[in-house]
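Participant: Here it is, the structure in full.
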Amino acid sequence: GPNPNYGGTLEKTSFVKLMYRFAVSQQTGRLHVRQGRERVDLFFEQGHLTYAYSPMKETRLGEILLAKKLLSATQISEALARSKAQKCLLGELLTQENYLTPKQNIELLNTQLKMRLASVFSWTSGIYRFYQNEITGIILPTKINPFRFIKEGVFEHVPLFYLRDKLEELRNNRVARLANPLLTPTRRLDIALA
């Protein structure tokens, strides 16, 4: 395939830091992340995470529907056959056929996206490669705030020992006071406190 625009290791640049960088810089493209045999491909459009691919069976939409007992195995296999024949996404087909409401479809897609990324938040080693402007061509109605998603990922999936070690590395860094009115008290507040 094509050469990546850039890459590195998760030991030097954590997954959380990568997610933050893509959100802030409003990148568009595919981020390939791998640890051993596990891998996830994330697609960003202007910093927003639009889709994630993972070969893990339990993160497939049909498996999620089965686990949530929204459809039977027979209904899912029949719907998969119809979606392949019509060349459309499973969730889209199930919404058209009124098995799912549009709201349920969005919730399931968001659940799928979060499941595919849950394990990646805990990876402390591995590699990443970024391919700028590579997109899926599929527009999914996912509505995930990237900053809220990063916060949830850190709280729910990053191991405490890893956070402790990272903070310990910063222990001896100097802290400088910023002359920023949003961060520094104003003169009136200083006078009021005196």
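Going through the structure tokens in order, the chains are called A, B, and so on, while each chain numbers its residues from 1 and the ligands are numbered from 1 in the order shown.
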For the alpha helix (DSSP H) assignment from backbone DSSP, which residues of segment 72-120 of chain A qualify? Please present them as a VMD selection string.
Facilitator: chain A and resid 73 to 86 90 to 96 102 to 120
Participant: Go ahead and save the residues from that selection, with N, CA, C and O atoms, as a short mmCIF file (atom, residue, chain, number, x, y, z; two decimals), in the first residue's frame.
Facilitator:
data_model
loop_
_atom_site.label_atom_id
_atom_site.label_comp_id
_atom_site.auth_asym_id
_atom_site.auth_seq_id
_atom_site.Cartn_x
_atom_site.Cartn_y
_atom_site.Cartn_z
N ALA A 73 -30.30 -14.52 15.81
CA ALA A 73 -29.20 -14.88 14.90
C ALA A 73 -29.73 -15.09 13.48
O ALA A 73 -29.08 -14.70 12.51
N THR A 74 -30.90 -15.68 13.35
CA THR A 74 -31.50 -15.91 12.03
C THR A 74 -31.84 -14.58 11.35
O THR A 74 -31.54 -14.39 10.17
N GLN A 75 -32.43 -13.67 12.11
CA GLN A 75 -32.78 -12.36 11.54
C GLN A 75 -31.53 -11.61 11.08
O GLN A 75 -31.53 -10.98 10.02
N ILE A 76 -30.47 -11.71 11.87
CA ILE A 76 -29.22 -11.01 11.53
C ILE A 76 -28.60 -11.60 10.28
O ILE A 76 -28.19 -10.88 9.38
N SER A 77 -28.54 -12.94 10.18
CA SER A 77 -27.92 -13.56 8.99
C SER A 77 -28.74 -13.25 7.74
O SER A 77 -28.17 -13.00 6.67
N GLU A 78 -30.07 -13.23 7.84
CA GLU A 78 -30.91 -12.88 6.69
C GLU A 78 -30.71 -11.42 6.30
O GLU A 78 -30.62 -11.09 5.11
N ALA A 79 -30.62 -10.54 7.31
CA ALA A 79 -30.41 -9.12 7.04
C ALA A 79 -29.03 -8.88 6.42
O ALA A 79 -28.88 -8.05 5.53
N LEU A 80 -28.01 -9.61 6.87
CA LEU A 80 -26.67 -9.50 6.29
C LEU A 80 -26.69 -9.88 4.81
O LEU A 80 -26.07 -9.21 3.99
N ALA A 81 -27.41 -10.95 4.49
CA ALA A 81 -27.51 -11.38 3.09
C ALA A 81 -28.19 -10.30 2.25
O ALA A 81 -27.75 -9.99 1.13
N ARG A 82 -29.26 -9.71 2.78
CA ARG A 82 -29.97 -8.65 2.05
C ARG A 82 -29.09 -7.40 1.90
O ARG A 82 -29.10 -6.77 0.84
N SER A 83 -28.33 -7.06 2.96
CA SER A 83 -27.49 -5.86 2.87
C SER A 83 -26.36 -6.05 1.85
O SER A 83 -26.00 -5.12 1.15
N LYS A 84 -25.83 -7.28 1.74
CA LYS A 84 -24.81 -7.55 0.72
C LYS A 84 -25.40 -7.46 -0.68
O LYS A 84 -24.79 -6.90 -1.58
N ALA A 85 -26.60 -8.02 -0.85
CA ALA A 85 -27.26 -7.99 -2.15
C ALA A 85 -27.58 -6.55 -2.58
O ALA A 85 -27.44 -6.20 -3.75
N GLN A 86 -27.99 -5.73 -1.62
CA GLN A 86 -28.35 -4.34 -1.92
C GLN A 86 -27.15 -3.38 -1.82
O GLN A 86 -27.29 -2.19 -2.09
N LEU A 90 -25.44 -2.70 7.11
CA LEU A 90 -26.43 -3.46 7.87
C LEU A 90 -27.35 -2.54 8.66
O LEU A 90 -28.58 -2.70 8.63
N GLY A 91 -26.78 -1.58 9.38
CA GLY A 91 -27.60 -0.65 10.17
C GLY A 91 -28.56 0.15 9.31
O GLY A 91 -29.71 0.39 9.69
N GLU A 92 -28.08 0.56 8.14
CA GLU A 92 -28.91 1.31 7.20
C GLU A 92 -30.10 0.46 6.74
O GLU A 92 -31.24 0.92 6.71
N LEU A 93 -29.83 -0.80 6.39
CA LEU A 93 -30.89 -1.71 5.95
C LEU A 93 -31.91 -1.95 7.06
O LEU A 93 -33.12 -1.88 6.83
N LEU A 94 -31.41 -2.20 8.28
CA LEU A 94 -32.31 -2.48 9.40
C LEU A 94 -33.17 -1.27 9.75
O LEU A 94 -34.30 -1.41 10.19
N THR A 95 -32.63 -0.07 9.51
CA THR A 95 -33.41 1.15 9.75
C THR A 95 -34.48 1.30 8.66
O THR A 95 -35.63 1.62 8.97
N GLN A 96 -34.11 1.02 7.40
CA GLN A 96 -35.07 1.11 6.30
C GLN A 96 -36.20 0.10 6.49
O GLN A 96 -37.35 0.39 6.16
N PRO A 102 -33.90 5.27 13.61
CA PRO A 102 -32.66 5.99 13.31
C PRO A 102 -31.84 6.28 14.57
O PRO A 102 -30.61 6.20 14.56
N LYS A 103 -32.52 6.59 15.67
CA LYS A 103 -31.83 6.86 16.93
C LYS A 103 -31.10 5.61 17.42
O LYS A 103 -29.95 5.69 17.87
N GLN A 104 -31.75 4.45 17.36
CA GLN A 104 -31.10 3.19 17.77
C GLN A 104 -29.87 2.90 16.90
O GLN A 104 -28.85 2.45 17.40
N ASN A 105 -30.00 3.17 15.59
CA ASN A 105 -28.88 2.93 14.68
C ASN A 105 -27.67 3.78 15.07
O ASN A 105 -26.54 3.29 15.13
N ILE A 106 -27.90 5.07 15.36
CA ILE A 106 -26.81 5.96 15.77
C ILE A 106 -26.20 5.47 17.08
O ILE A 106 -24.98 5.42 17.23
N GLU A 107 -27.05 5.09 18.03
CA GLU A 107 -26.55 4.60 19.33
C GLU A 107 -25.71 3.34 19.15
O GLU A 107 -24.66 3.18 19.78
N LEU A 108 -26.15 2.43 18.27
CA LEU A 108 -25.40 1.20 18.02
C LEU A 108 -24.06 1.49 17.33
O LEU A 108 -23.04 0.88 17.66
N LEU A 109 -24.06 2.43 16.38
CA LEU A 109 -22.81 2.80 15.71
C LEU A 109 -21.83 3.43 16.69
O LEU A 109 -20.63 3.16 16.64
N ASN A 110 -22.34 4.28 17.59
CA ASN A 110 -21.48 4.87 18.61
C ASN A 110 -20.95 3.81 19.57
O ASN A 110 -19.78 3.86 19.96
N THR A 111 -21.79 2.86 19.93
CA THR A 111 -21.36 1.75 20.80
C THR A 111 -20.26 0.95 20.12
O THR A 111 -19.24 0.61 20.73
N GLN A 112 -20.46 0.65 18.84
CA GLN A 112 -19.48 -0.10 18.07
C GLN A 112 -18.14 0.65 18.02
O GLN A 112 -17.08 0.06 18.25
N LEU A 113 -18.19 1.93 17.76
CA LEU A 113 -16.99 2.76 17.69
C LEU A 113 -16.25 2.74 19.02
O LEU A 113 -15.03 2.53 19.07
N LYS A 114 -16.98 2.91 20.12
CA LYS A 114 -16.36 2.91 21.44
C LYS A 114 -15.78 1.55 21.79
O LYS A 114 -14.70 1.47 22.39
N MET A 115 -16.47 0.48 21.42
CA MET A 115 -15.95 -0.87 21.69
C MET A 115 -14.64 -1.11 20.94
O MET A 115 -13.71 -1.71 21.47
N ARG A 116 -14.58 -0.65 19.71
CA ARG A 116 -13.38 -0.87 18.90
C ARG A 116 -12.18 -0.09 19.43
O ARG A 116 -11.05 -0.48 19.21
N LEU A 117 -12.43 0.99 20.13
CA LEU A 117 -11.33 1.79 20.65
C LEU A 117 -11.01 1.53 22.12
O LEU A 117 -9.98 1.97 22.61
N ALA A 118 -11.89 0.83 22.82
CA ALA A 118 -11.70 0.63 24.26
C ALA A 118 -10.35 0.01 24.58
O ALA A 118 -9.63 0.48 25.47
N SER A 119 -9.97 -1.03 23.86
CA SER A 119 -8.71 -1.69 24.17
C SER A 119 -7.51 -0.83 23.80
O SER A 119 -6.48 -0.86 24.47
N VAL A 120 -7.63 -0.02 22.75
CA VAL A 120 -6.50 0.78 22.27
C VAL A 120 -6.08 1.81 23.32
O VAL A 120 -4.90 2.12 23.45
#
Participant: Can you pull out every residue within 10 Å of Glu134 of chain A, counting only C-alpha atoms, but drop anything in the same chain fewer than 5 positions away, and send it as a PyMOL selection string?
Facilitator: chain A and resi 28-31+43-45
Participant: Quick one: write out the picked residues with N, CA and C atoms as a compact mmCIF listing (two decimals), in the first residue's frame?
Facilitator:
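To be explicit, this is the file written out as selection24.txt:
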# COMPACT_ATOMS: atom_id res chain seq x y z
N THR A 28 -7.60 14.98 8.59
CA THR A 28 -8.44 14.07 7.82
C THR A 28 -7.54 12.97 7.32
N GLY A 29 -7.94 11.72 7.58
CA GLY A 29 -7.14 10.59 7.13
C GLY A 29 -7.37 9.36 7.97
N ARG A 30 -6.51 8.35 7.75
CA ARG A 30 -6.63 7.07 8.44
C ARG A 30 -5.45 6.88 9.37
N LEU A 31 -5.74 6.54 10.61
CA LEU A 31 -4.72 6.23 11.60
C LEU A 31 -4.74 4.72 11.85
N PHE A 43 -10.67 6.40 11.24
CA PHE A 43 -10.84 7.37 10.17
C PHE A 43 -11.31 8.69 10.76
N PHE A 44 -10.57 9.75 10.43
CA PHE A 44 -10.88 11.10 10.91
C PHE A 44 -11.27 11.98 9.73
N GLU A 45 -12.25 12.85 9.98
CA GLU A 45 -12.58 13.88 9.01
C GLU A 45 -12.62 15.20 9.77
Participant: Just how far from atom CA of Met56 of chain A is atom CA of Tyr99 of chain A, in Å to one decimal?
Facilitator: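 So the two atoms, atom CA of Tyr99 of chain A and atom CA of Met56 of chain A, lie 24.4 Å apart.
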Participant: If DSSP is run on the backbone, what residues of chain A are strand (DSSP E or B)? A reply as a compact mmCIF listing (two decimals) with N, CA and C atoms, in the first residue's frame would be ideal.
Facilitator:
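File written: out-v4.txt
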# COMPACT_ATOMS: atom_id res chain seq x y z
N TYR A 6 3.31 9.89 8.23
CA TYR A 6 4.19 9.82 9.39
C TYR A 6 3.74 8.69 10.30
N GLY A 7 4.58 8.34 11.25
CA GLY A 7 4.28 7.25 12.17
C GLY A 7 5.21 7.29 13.35
N GLY A 8 5.05 6.34 14.22
CA GLY A 8 5.89 6.26 15.41
C GLY A 8 5.45 5.13 16.31
N THR A 9 5.90 5.20 17.55
CA THR A 9 5.56 4.16 18.52
C THR A 9 4.68 4.74 19.62
N GLY A 29 -7.94 11.72 7.58
CA GLY A 29 -7.14 10.59 7.13
C GLY A 29 -7.37 9.36 7.97
N ARG A 30 -6.51 8.35 7.75
CA ARG A 30 -6.63 7.07 8.44
C ARG A 30 -5.45 6.88 9.37
N LEU A 31 -5.74 6.54 10.61
CA LEU A 31 -4.72 6.23 11.60
C LEU A 31 -4.74 4.72 11.85
N HIS A 32 -3.64 4.06 11.53
CA HIS A 32 -3.51 2.62 11.75
C HIS A 32 -2.72 2.43 13.05
N VAL A 33 -3.30 1.71 14.01
CA VAL A 33 -2.66 1.46 15.29
C VAL A 33 -2.57 -0.05 15.47
N ARG A 34 -1.38 -0.54 15.89
CA ARG A 34 -1.20 -1.99 16.03
C ARG A 34 -0.35 -2.30 17.25
N GLN A 35 -0.79 -3.33 17.98
CA GLN A 35 -0.01 -3.88 19.09
C GLN A 35 -0.05 -5.40 18.91
N GLU A 38 -3.10 -7.45 17.35
CA GLU A 38 -4.30 -6.61 17.41
C GLU A 38 -4.07 -5.33 16.61
N ARG A 39 -5.13 -4.89 15.92
CA ARG A 39 -5.02 -3.65 15.15
C ARG A 39 -6.37 -2.98 15.05
N VAL A 40 -6.31 -1.67 14.89
CA VAL A 40 -7.51 -0.86 14.69
C VAL A 40 -7.15 0.23 13.68
N ASP A 41 -8.05 0.48 12.75
CA ASP A 41 -7.89 1.58 11.80
C ASP A 41 -8.97 2.61 12.11
N LEU A 42 -8.53 3.85 12.35
CA LEU A 42 -9.45 4.94 12.70
C LEU A 42 -9.50 5.94 11.55
N PHE A 43 -10.67 6.40 11.24
CA PHE A 43 -10.84 7.37 10.17
C PHE A 43 -11.31 8.69 10.76
N PHE A 44 -10.57 9.75 10.43
CA PHE A 44 -10.88 11.10 10.91
C PHE A 44 -11.27 11.98 9.73
N GLU A 45 -12.25 12.85 9.98
CA GLU A 45 -12.58 13.88 9.01
C GLU A 45 -12.62 15.20 9.77
N HIS A 48 -12.69 14.93 13.54
CA HIS A 48 -13.75 14.13 14.15
C HIS A 48 -13.59 12.67 13.75
N LEU A 49 -13.68 11.81 14.72
CA LEU A 49 -13.59 10.37 14.48
C LEU A 49 -14.90 9.92 13.85
N THR A 50 -14.83 9.42 12.61
CA THR A 50 -16.05 9.05 11.90
C THR A 50 -16.27 7.55 11.84
N TYR A 51 -15.18 6.77 11.90
CA TYR A 51 -15.34 5.33 11.78
C TYR A 51 -14.09 4.65 12.32
N ALA A 52 -14.27 3.45 12.83
CA ALA A 52 -13.12 2.64 13.27
C ALA A 52 -13.35 1.22 12.78
N TYR A 53 -12.31 0.63 12.20
CA TYR A 53 -12.38 -0.76 11.76
C TYR A 53 -11.50 -1.60 12.66
N ILE A 127 2.68 0.37 17.49
CA ILE A 127 3.05 1.35 16.47
C ILE A 127 1.81 2.07 15.96
N TYR A 128 2.04 3.22 15.35
CA TYR A 128 0.96 3.90 14.65
C TYR A 128 1.51 4.44 13.33
N ARG A 129 0.63 4.53 12.35
CA ARG A 129 0.94 5.09 11.04
C ARG A 129 -0.25 5.94 10.62
N PHE A 130 0.03 7.13 10.08
CA PHE A 130 -1.05 8.01 9.63
C PHE A 130 -0.97 8.21 8.13
N TYR A 131 -2.11 8.01 7.47
CA TYR A 131 -2.23 8.17 6.01
C TYR A 131 -3.18 9.33 5.76
N GLN A 132 -2.61 10.49 5.44
CA GLN A 132 -3.39 11.71 5.29
C GLN A 132 -4.36 11.60 4.11
Participant: Could you check which of A:Leu100, A:Glu58, A:Phe15, A:Ile135 is closest to His157 of chain A, using only C-alpha atoms?
Facilitator: A:Phe15
